[in-house]
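Only one structure is covered here, and it is reproduced in the block below.
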Amino acid sequence: MPELPDNLTITDYLVADIIDGLAEHAQRIRKDQIATGPGLLPTVGGDLDVFFPIVAEILDDYQDRLHINTEDRIRLLEEHPPNDLKTQVISYRVIQRIPGKLSKGRAGPDMSAGTRHEWVPRCRYVIDDPEKPNSKTIVMGQFIDNMVEFTCWARTNKAANSTALLFQDLMSIYRFYFKLKGFPEVLWHERLEDVTLDSSIQDGLKGRPLRYLVKTDRTFKIHEPLLRDIVLKLVKGNS
């Protein structure tokens with residue numbers, strides 16, 4: 001197989017630099033909103049409750065750019081498609097959810113021996129409360145590897161295939177946007193066997209399942225007074 005011309009190879013690298021550079025730029029903008037210092041993350045991502053609304057947001061934006069009429073819009077649903085389906089819809093569900101892999105190598109859920117995971121939440125950073133000098137807020141986080149399945153539904157095989165290809169393009173084009181929002185990896189994993197959903201619609205709905213690996217960061221806050229209160233109660237209860 002012949003090698004790519006140098007100019008094409010350079011272009012590929014430039015695109016990667018632009019995508020990663022945009023994410024770094026967003027992190028610099030948000031630095032004034034979170035604590036900074038050695039060993040602290042410049043930004044904190046979200047979990048699936050944040051991810052799915054972002055997918056719906058970019059789906060609308062993508063269709064705006066394609067000038068798709070309102071009545072023909074593809075919608076994102078958490079439930080199965082309605083029986084009175086008039087246009088294409090995309091449903092989603094979580095297939096697998098495990099502690100995030102920390103080891104280097106191919107991305108994806110991997111529970112094999114020797115693979116390092118973030119089994120428990122760890123301190124992301126500590127915030128000093130300016131109004132309470134003796135009080136701190138500890139932000140904890142745990143990386144999670146999620147296998148998410150999006151199924152593109154339509155009345156016909158042709159429409160279902162078209163929707164699946166459009167959705168793949170969408171997720172690739174907006175990869176940088178996920179990075180800007182704090183999701184380090186949103187990777188296409190596979191397309192599964194075509195499915196048919198039995199319904200009141202003639203011949204049933206045609207579905208095209210697509211699976212994506214989504215790395216999320218589930219964070220929560222612990223206020224120092226609350227932590228102290230919990231410890232004191234536990235100590236008293238055991239005394």
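Scheme for the structure tokens: letters A, B, ... for chains in order shown; per-chain residue numbers from 1; ligand numbers from 1 in order shown.
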
Considering only C-alpha atoms, give me a table of residues in stretch 136-179 of chain A that are at most 6 Å from stretch 90-96 of chain A, with the closest atom pair and distance in Å for each, as JSON lines.
```
{"residue": "A:Asn146", "atom": "CA", "partner": "A:Gln96", "partner_atom": "CA", "distance": 5.6}
{"residue": "A:Met147", "atom": "CA", "partner": "A:Gln96", "partner_atom": "CA", "distance": 4.9}
{"residue": "A:Val148", "atom": "CA", "partner": "A:Val94", "partner_atom": "CA", "distance": 4.6}
{"residue": "A:Glu149", "atom": "CA", "partner": "A:Arg93", "partner_atom": "CA", "distance": 5.4}
{"residue": "A:Phe150", "atom": "CA", "partner": "A:Tyr92", "partner_atom": "CA", "distance": 4.4}
{"residue": "A:Thr151", "atom": "CA", "partner": "A:Ser91", "partner_atom": "CA", "distance": 5.3}
{"residue": "A:Cys152", "atom": "CA", "partner": "A:Ile90", "partner_atom": "CA", "distance": 4.5}
{"residue": "A:Trp153", "atom": "CA", "partner": "A:Ile90", "partner_atom": "CA", "distance": 6.0}
```

Which of stretch 68-237 of chain A DSSP labels strand (DSSP E or B), written as a ChimeraX atom specification = /A:75-77,89-99,101,117,122-128,136-154,185-191,195-197,205-223

Using only C-alpha atoms, which residues sit within 9 Å of stretch 56-59 of chain A once same-chain residues fewer than 2 positions away are excluded, as a VMD selection string?
-> chain A and resid 51 to 54 61 to 64 74 to 77 167 170 to 171 174 177

If you run DSSP on the backbone, which residues of stretch 105-186 of chain A are helix (DSSP H, G or I), as an MDAnalysis selection string?
-> chainID A and resid 157:173 175:180

Just-selected residues, N, CA and C atoms written as a short mmCIF file (atom, residue, chain, number, x, y, z; two decimals), in the first residue's frame:
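The result, stored in result_3.cif:
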```
data_model
loop_
_atom_site.label_atom_id
_atom_site.label_comp_id
_atom_site.auth_asym_id
_atom_site.auth_seq_id
_atom_site.Cartn_x
_atom_site.Cartn_y
_atom_site.Cartn_z
N ASN A 157 -35.48 0.47 5.82
CA ASN A 157 -34.05 0.16 5.95
C ASN A 157 -33.20 1.30 5.39
N LYS A 158 -33.62 1.87 4.28
CA LYS A 158 -32.85 2.95 3.67
C LYS A 158 -32.74 4.15 4.61
N ALA A 159 -33.85 4.54 5.22
CA ALA A 159 -33.84 5.68 6.13
C ALA A 159 -33.02 5.38 7.37
N ALA A 160 -33.12 4.14 7.88
CA ALA A 160 -32.35 3.76 9.07
C ALA A 160 -30.85 3.79 8.79
N ASN A 161 -30.46 3.28 7.63
CA ASN A 161 -29.04 3.32 7.25
C ASN A 161 -28.55 4.76 7.12
N SER A 162 -29.36 5.61 6.50
CA SER A 162 -28.98 7.01 6.32
C SER A 162 -28.81 7.71 7.66
N THR A 163 -29.71 7.42 8.60
CA THR A 163 -29.62 8.04 9.92
C THR A 163 -28.38 7.57 10.66
N ALA A 164 -28.07 6.28 10.55
CA ALA A 164 -26.89 5.73 11.22
C ALA A 164 -25.61 6.39 10.70
N LEU A 165 -25.51 6.56 9.39
CA LEU A 165 -24.33 7.20 8.81
C LEU A 165 -24.25 8.67 9.22
N LEU A 166 -25.40 9.34 9.24
CA LEU A 166 -25.41 10.74 9.66
C LEU A 166 -24.95 10.86 11.11
N PHE A 167 -25.41 9.95 11.97
CA PHE A 167 -25.06 10.02 13.39
C PHE A 167 -23.56 9.76 13.58
N GLN A 168 -23.00 8.83 12.81
CA GLN A 168 -21.56 8.59 12.90
C GLN A 168 -20.77 9.84 12.50
N ASP A 169 -21.21 10.50 11.43
CA ASP A 169 -20.55 11.74 11.02
C ASP A 169 -20.66 12.79 12.12
N LEU A 170 -21.85 12.89 12.70
CA LEU A 170 -22.09 13.86 13.76
C LEU A 170 -21.12 13.66 14.93
N MET A 171 -20.99 12.43 15.40
CA MET A 171 -20.16 12.15 16.57
C MET A 171 -18.68 12.39 16.26
N SER A 172 -18.29 12.22 15.01
CA SER A 172 -16.90 12.46 14.63
C SER A 172 -16.62 13.96 14.50
N ILE A 173 -17.54 14.67 13.86
CA ILE A 173 -17.35 16.10 13.62
C ILE A 173 -17.29 16.87 14.94
N ARG A 175 -16.34 15.78 17.84
CA ARG A 175 -15.43 15.18 18.83
C ARG A 175 -14.74 16.26 19.66
N PHE A 176 -14.32 17.33 19.02
CA PHE A 176 -13.64 18.41 19.75
C PHE A 176 -14.58 19.04 20.77
N TYR A 177 -15.88 19.09 20.46
CA TYR A 177 -16.83 19.73 21.37
C TYR A 177 -16.98 18.92 22.66
N PHE A 178 -16.96 17.59 22.52
CA PHE A 178 -17.00 16.75 23.73
C PHE A 178 -15.78 17.03 24.59
N LYS A 179 -14.62 17.21 23.95
CA LYS A 179 -13.42 17.53 24.71
C LYS A 179 -13.55 18.86 25.42
N LEU A 180 -14.14 19.83 24.73
CA LEU A 180 -14.35 21.13 25.35
C LEU A 180 -15.24 21.03 26.58
#
```

Excluding A:Lys221 and any residue of its chain fewer than 6 positions from it, enumerate the residues within 12 Å of it, using only C-alpha atoms, and give them as a list in words.
->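 My list of contacting residues is Pro121, Arg122, Cys123, Arg124, Tyr125, Val126, Ile127, Lys136, Thr137, Ile138, Val139, Met140, Gly141 and Leu227 of chain A.
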
Interatomic distance between atom CA of A:Gly100 and atom CA of A:Pro184?
->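 Computed distance, atom CA of A:Gly100 to atom CA of A:Pro184, equals 11.5 Å.
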
Near A:Thr115, within 8 Å and counting only C-alpha atoms, which residues show up once chain neighbours fewer than 6 positions away are dropped, as a compact mmCIF listing (two decimals) with C-alpha atoms, in the first residue's frame?
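Dumped everything to selection.txt:
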```txt
# COMPACT_ATOMS: atom_id res chain seq x y z
CA LYS A 101 -9.06 2.33 32.95
CA LEU A 102 -5.86 4.14 33.85
CA SER A 103 -3.40 1.85 32.05
```

Between atom CA of A:Glu79 and atom CA of A:Gly182, distance in Å (one decimal) | 26.0 Å
